[in-house]
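Trainee: Here you go, one structure.
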Amino acid sequence: MKHFLSSIVIFSLFILSNPASAEKNNEELTWKAGVASVIITPEQSIWMAGFAHRTSPASGKLHDLWVKALAIEDASGKQAVLLTSDLSGIPKSISDSIRNRIERKFKLSRSQIIFNTSHTHSGPVLVDALWDLYPLNDEQKLKITSYTKTLEIKIESVVRKALASMKPVDISSQNGITRFAVNRRNNIESTINAQTDLKGPSDYAVPVIKLSDKKGKIIALVFGYACHNTVLHGNEWSGDYAGYAQIALEKEHPGTTAMFFQGCGGNQNALPRKTVPLATHYGKELALAVDAVLEGEMKILEPQLSTAYSEVSIELEKAPNKVELLAIASKETGYIKNWALNMIKKADQGNTFISTYPYPVQFWQLGNQSLVALGGEPVIDYAINLKKIFGPNLFVMGYSNDVMAYIPTAEIIREGGYEGHTSQMAFGMPAKWKESIEPTIMKEVIILAKKLRIVIPELK
């Protein structure tokens, strides 16, 4: 017993006489994080993404576009990187190229990288991203190709800077709320000002992750919302309402990097819209929702990180034959007509059409905060239904890692309309999704959660 007590005294004296050792031991039990940003506003006038109605390339900017990187490391040394961006979407070819770069340079696997796009419709067109929607001549295609290559280099650089700047931090999370998102399938935009009630499902949650240094100074705010960044329709670069929200937060909290991620906003619009004052208003409203979270009680996240990633096959219906395509081309206009003509051209060239697509699903666990990242443009029902399984505190991202098409539910596929059917034409898909898409994705999220040993309340 005396020997045991003596050992405790000696150990205590060692710690007291070696503060560096005590500090190092403390650091090993904490998060580390680094953050970096890079401007990605095109220097040349290139075509803007998101809307088919534009008749000319960008003519100026309201504010700069950014890619921002957050690198985190838990107490065991496991790392992950979150990329947020003022882009409409990221096609698989570019996302794969970027994530391959990060894996080669920094030894981070697919599961450790989330690349989220804000879905601003005031950002640049990228290679392989809805090219058929825009009247691109050869000169514009060359400019877009050059811009895309530069973008990849900039993203590698910003990840490098974030990883190199990591220091001990505290991480906390909580949900806020704001209510400017409107279900666009269930409400008529032209009469929205006269409506006294709104119809259809929405998720008004504002998920917030705060990272503070050991002196309590906020170094990064990661926050999200499920709503299209389509308030602005002009020809000037901007991050739309999400861009204005980030600007407002960085002004309110000097030295902080504000990072917006898009949620499952596939069928959600900010209404009314189409003016700069409305975009700035919604941005300030979202920033205020984040500040309300910061002023309240947030849950402290223990420095434990686990990540999982998979690409699950989702099925498409059988592609129409040439006779059916000719019939569509003869009676339709715009992108649907262009889709039918392009399908005929591909068929004549001997191309075969895909019947499945490798859909990215991702799960991160930061302490006791669960975060799901889905590809494509998932409708809000996915966030709502996932929260029914994992609880209301789940954070859900859409538009992550690969934006290949809208991701409707089985019900929306049966209903038809843009999100359920014709949007797949805009993305160049050979057919609409099968109704099995919804249970396939939901099941895969659960599989990843179980892989990480996440407790699922609904499945207890």
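Starting from 1 in every chain, residues are counted up; chains themselves are A, B, ... following the order of the structure tokens, and ligands are numbered from 1 as listed.
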Apply DSSP to the backbone of this structure and, from stretch 358-434 of chain A, keep only the residues in strand (DSSP E or B); write these as a list in words.
Mentor: Pro358, Tyr359, Pro360, Val361, Gln362, Phe363, Trp364, Gln365, Leu366, Gln369, Ser370, Leu371, Val372, Ala373, Leu374, Glu377, Pro378, Phe395, Val396, Met397, Ser400, Tyr406, Ile407 and Trp433 of chain A
Trainee: Considering only C-alpha atoms, state which residue in the set A:Asn401, A:Glu139, A:Gln369, A:Ala226 is at the smallest distance from A:Ser97.
Mentor: A:Asn401
Trainee: Could you pull out all residues of stretch 129-312 of chain A with a DSSP call of alpha helix (DSSP H) and give them as an NGL selection string?
Mentor: :A and (138-164 or 240-252 or 276-295)
Trainee: Could you make a table, as a tab-separated table, of the residues of stretch 409-444 of chain A that have an atom within 10 Å of an atom of stretch 111-134 of chain A, each with its nearest atom pair and distance in Å to one decimal, counting only C-alpha atoms, in chain and number order?
Mentor:
residue	atom	partner	partner_atom	distance
A:Met425	CA	A:Leu130	CA	10.0
A:Ala426	CA	A:Leu130	CA	7.0
A:Phe427	CA	A:Leu130	CA	5.7
A:Gly428	CA	A:Leu130	CA	7.4
Trainee: Any chance you could export the current selection's C-alpha atoms as a PDB file, in the first residue's frame?
Mentor:
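Just written: part_7.pdb:
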ATOM      1  CA  MET A 425     -33.490  14.449 -68.775  1.00  0.00           C
ATOM      2  CA  ALA A 426     -31.859  17.767 -67.881  1.00  0.00           C
ATOM      3  CA  PHE A 427     -28.982  15.799 -66.354  1.00  0.00           C
ATOM      4  CA  GLY A 428     -28.679  13.549 -69.400  1.00  0.00           C
TER       5      GLY A 428
END
Trainee: Have a look at A:Ile456, A:Leu249, A:Ala347, A:Val361 and name the one nearest to A:Ile389; count only C-alpha atoms.
Mentor: A:Ile456
Trainee: Where does stretch 300-379 of chain A meet stretch 46-65 of chain A within 12 Å, residue by residue, with the nearest atom pair and distance in Å to one decimal for each, counting only C-alpha atoms, listed by chain and rising number, as a tab-separated table?
Mentor:
residue	atom	partner	partner_atom	distance
A:Gly334	CA	A:Ala52	CA	8.8
A:Tyr335	CA	A:Ala52	CA	8.3
A:Ile336	CA	A:Ala52	CA	11.8
A:Asn338	CA	A:Ala52	CA	12.0
Trainee: Mind pulling up the distance from atom CA of A:Ala405 to atom CA of A:Gln424?
Mentor: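 Distance reported for this atom pair: 5.8 Å.
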Trainee: Would you kindly return, as a count of residues only, each protein, DNA or RNA residue with an atom no farther than 12 Å from any atom of A:Ile441, considering only C-alpha atoms and excluding same-chain residues fewer than 5 positions away?
Mentor: 31
Trainee: Residues within 9 Å of stretch 203-212 of chain A, please, as a PyMOL selection string. Count only C-alpha atoms; anything in the same chain fewer than 3 positions from it doesn't count.
Mentor: chain A and resi 33+168-181+215-226+264-265+286+289-290+293-294+298+380-381+383-384+393-396
Trainee: Those same residues - N, CA and C atoms - I'd like them written as a CSV table (one decimal), in the first residue's frame.
Mentor:
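In the end it all went to part12.csv:
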chain,number,residue,atom,x,y,z
A,33,ALA,N,-8.0,21.1,-35.4
A,33,ALA,CA,-8.6,21.5,-36.6
A,33,ALA,C,-7.9,22.6,-37.3
A,168,PRO,N,-5.1,22.6,-31.5
A,168,PRO,CA,-6.2,22.1,-30.6
A,168,PRO,C,-7.4,23.0,-30.6
A,169,VAL,N,-8.6,22.3,-30.7
A,169,VAL,CA,-9.8,23.1,-30.7
A,169,VAL,C,-10.9,22.3,-29.8
A,170,ASP,N,-12.0,23.0,-29.5
A,170,ASP,CA,-13.2,22.4,-29.0
A,170,ASP,C,-14.2,22.4,-30.1
A,171,ILE,N,-15.0,21.4,-30.2
A,171,ILE,CA,-16.1,21.3,-31.2
A,171,ILE,C,-17.4,21.1,-30.5
A,172,SER,N,-18.4,21.8,-31.0
A,172,SER,CA,-19.8,21.7,-30.4
A,172,SER,C,-20.8,21.8,-31.5
A,173,SER,N,-22.0,21.3,-31.3
A,173,SER,CA,-23.0,21.3,-32.3
A,173,SER,C,-24.4,21.5,-31.7
A,174,GLN,N,-25.3,22.0,-32.6
A,174,GLN,CA,-26.7,22.2,-32.2
A,174,GLN,C,-27.5,22.6,-33.5
A,175,ASN,N,-28.8,22.3,-33.4
A,175,ASN,CA,-29.7,22.7,-34.5
A,175,ASN,C,-30.3,24.0,-34.2
A,176,GLY,N,-30.4,24.9,-35.2
A,176,GLY,CA,-31.2,26.1,-35.1
A,176,GLY,C,-32.4,26.0,-36.0
A,177,ILE,N,-33.1,27.1,-36.3
A,177,ILE,CA,-34.3,27.1,-37.1
A,177,ILE,C,-34.5,28.4,-37.8
A,178,THR,N,-34.9,28.3,-39.1
A,178,THR,CA,-35.4,29.5,-39.8
A,178,THR,C,-36.3,29.0,-40.9
A,179,ARG,N,-37.2,29.8,-41.4
A,179,ARG,CA,-38.4,29.3,-42.1
A,179,ARG,C,-38.6,29.9,-43.5
A,180,PHE,N,-37.6,30.3,-44.2
A,180,PHE,CA,-37.9,30.9,-45.6
A,180,PHE,C,-37.9,29.9,-46.7
A,181,ALA,N,-37.6,28.6,-46.4
A,181,ALA,CA,-37.7,27.6,-47.4
A,181,ALA,C,-39.2,27.2,-47.7
A,215,LYS,N,-8.7,29.2,-26.4
A,215,LYS,CA,-8.9,30.4,-25.7
A,215,LYS,C,-10.4,30.9,-25.9
A,216,GLY,N,-11.2,30.0,-26.6
A,216,GLY,CA,-12.6,30.3,-26.8
A,216,GLY,C,-12.9,31.1,-28.0
A,217,LYS,N,-11.9,31.4,-28.8
A,217,LYS,CA,-12.2,32.2,-30.1
A,217,LYS,C,-12.7,31.2,-31.1
A,218,ILE,N,-13.8,31.6,-31.8
A,218,ILE,CA,-14.3,30.8,-32.9
A,218,ILE,C,-13.4,30.9,-34.1
A,219,ILE,N,-13.0,29.8,-34.6
A,219,ILE,CA,-12.2,29.8,-35.8
A,219,ILE,C,-13.0,29.4,-37.0
A,220,ALA,N,-14.1,28.6,-36.8
A,220,ALA,CA,-14.9,28.2,-38.0
A,220,ALA,C,-16.3,27.9,-37.5
A,221,LEU,N,-17.2,28.2,-38.4
A,221,LEU,CA,-18.7,27.9,-38.2
A,221,LEU,C,-19.1,27.2,-39.4
A,222,VAL,N,-19.5,25.9,-39.2
A,222,VAL,CA,-20.1,25.1,-40.3
A,222,VAL,C,-21.6,25.1,-40.1
A,223,PHE,N,-22.3,25.5,-41.1
A,223,PHE,CA,-23.8,25.5,-40.9
A,223,PHE,C,-24.5,25.2,-42.2
A,224,GLY,N,-25.7,24.7,-42.1
A,224,GLY,CA,-26.4,24.3,-43.3
A,224,GLY,C,-27.9,24.7,-43.4
A,225,TYR,N,-28.5,24.5,-44.5
A,225,TYR,CA,-29.9,24.7,-44.7
A,225,TYR,C,-30.3,24.0,-45.9
A,226,ALA,N,-31.6,23.5,-46.0
A,226,ALA,CA,-32.1,22.7,-47.1
A,226,ALA,C,-33.0,23.6,-48.0
A,264,CYS,N,-30.9,18.7,-48.0
A,264,CYS,CA,-31.7,18.0,-49.0
A,264,CYS,C,-32.8,19.0,-49.6
A,265,GLY,N,-32.3,20.0,-50.3
A,265,GLY,CA,-33.1,21.0,-50.8
A,265,GLY,C,-33.7,20.9,-52.2
A,286,LEU,N,-30.6,33.7,-42.2
A,286,LEU,CA,-29.9,32.5,-41.9
A,286,LEU,C,-28.8,32.7,-40.9
A,289,ALA,N,-30.1,33.0,-37.5
A,289,ALA,CA,-30.4,31.7,-36.9
A,289,ALA,C,-29.2,31.0,-36.4
A,290,VAL,N,-28.0,31.1,-37.1
A,290,VAL,CA,-26.8,30.6,-36.6
A,290,VAL,C,-26.4,31.3,-35.3
A,293,VAL,N,-28.1,30.0,-32.3
A,293,VAL,CA,-27.6,28.8,-31.8
A,293,VAL,C,-26.3,29.0,-30.9
A,294,LEU,N,-25.5,29.9,-31.4
A,294,LEU,CA,-24.3,30.3,-30.7
A,294,LEU,C,-24.6,30.9,-29.3
A,298,MET,N,-24.9,24.6,-26.6
A,298,MET,CA,-24.5,23.7,-27.6
A,298,MET,C,-23.9,22.5,-26.9
A,380,ILE,N,-36.5,17.0,-49.9
A,380,ILE,CA,-36.5,17.2,-48.4
A,380,ILE,C,-36.9,15.9,-47.6
A,381,ASP,N,-37.7,15.1,-48.3
A,381,ASP,CA,-38.3,13.9,-47.6
A,381,ASP,C,-37.2,13.0,-47.1
A,383,ALA,N,-34.3,13.9,-45.7
A,383,ALA,CA,-33.9,14.4,-44.4
A,383,ALA,C,-34.9,14.1,-43.4
A,384,ILE,N,-36.2,14.3,-43.7
A,384,ILE,CA,-37.3,14.1,-42.8
A,384,ILE,C,-37.3,12.6,-42.4
A,393,ASN,N,-31.8,15.3,-34.1
A,393,ASN,CA,-30.5,16.0,-34.1
A,393,ASN,C,-29.5,15.6,-35.2
A,394,LEU,N,-30.0,14.7,-36.1
A,394,LEU,CA,-29.1,14.3,-37.2
A,394,LEU,C,-28.9,15.4,-38.1
A,395,PHE,N,-27.7,15.6,-38.6
A,395,PHE,CA,-27.4,16.6,-39.6
A,395,PHE,C,-27.3,15.9,-41.0
A,396,VAL,N,-28.0,16.4,-42.0
A,396,VAL,CA,-28.1,15.8,-43.3
A,396,VAL,C,-27.7,16.7,-44.4
Trainee: I want to know what sits within 12 Å of A:Ala327, based on only C-alpha atoms, with residues of the same chain fewer than 6 positions away left out; could you give that as number ranges by chain?
Mentor: A: 320-321, 333, 336-337, 340-341, 344
Trainee: Write out the residues from the selection above, keeping N, CA and C atoms, as a compact mmCIF listing (two decimals), in the first residue's frame.
Mentor:
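File produced: again-v3.txt:
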# COMPACT_ATOMS: atom_id res chain seq x y z
N PRO A 320 -36.06 4.67 -73.33
CA PRO A 320 -36.98 4.60 -74.47
C PRO A 320 -36.25 4.21 -75.75
N ASN A 321 -36.95 3.57 -76.68
CA ASN A 321 -36.34 3.19 -77.95
C ASN A 321 -36.36 4.37 -78.92
N THR A 333 -40.12 20.72 -76.53
CA THR A 333 -39.19 21.81 -76.81
C THR A 333 -38.14 21.88 -75.71
N ILE A 336 -35.97 19.06 -72.98
CA ILE A 336 -36.52 17.73 -73.21
C ILE A 336 -36.29 17.33 -74.67
N LYS A 337 -36.52 18.25 -75.59
CA LYS A 337 -36.26 17.99 -77.00
C LYS A 337 -34.77 17.71 -77.23
N ALA A 340 -33.86 14.21 -76.04
CA ALA A 340 -34.30 13.17 -76.96
C ALA A 340 -33.38 13.10 -78.18
N LEU A 341 -33.01 14.24 -78.73
CA LEU A 341 -32.12 14.27 -79.90
C LEU A 341 -30.74 13.73 -79.55
N ILE A 344 -30.92 9.96 -79.28
CA ILE A 344 -30.96 9.35 -80.62
C ILE A 344 -29.56 9.33 -81.21
Trainee: So how many Å separate atom CA of A:Glu295 and atom CA of A:Ala258, to one decimal?
Mentor: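 Distance reported for this atom pair: 16.4 Å.
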Trainee: From the list A:Ser146, A:Gln349, A:Ser400, A:Asn368, which residue is nearest A:Ile90 when using only C-alpha atoms?
Mentor: A:Ser400
Trainee: Have a look at atom CA of A:Gln246 and atom CA of A:Gly200 and let me know their distance in Å, one decimal.
Mentor: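 It comes out at 28.2 Å.
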Trainee: Of the candidates A:Val67, A:Ile413, A:Leu452, A:Leu325, which shows the shortest atom-to-atom distance to A:Gly367, using only C-alpha atoms?
Mentor: A:Leu452
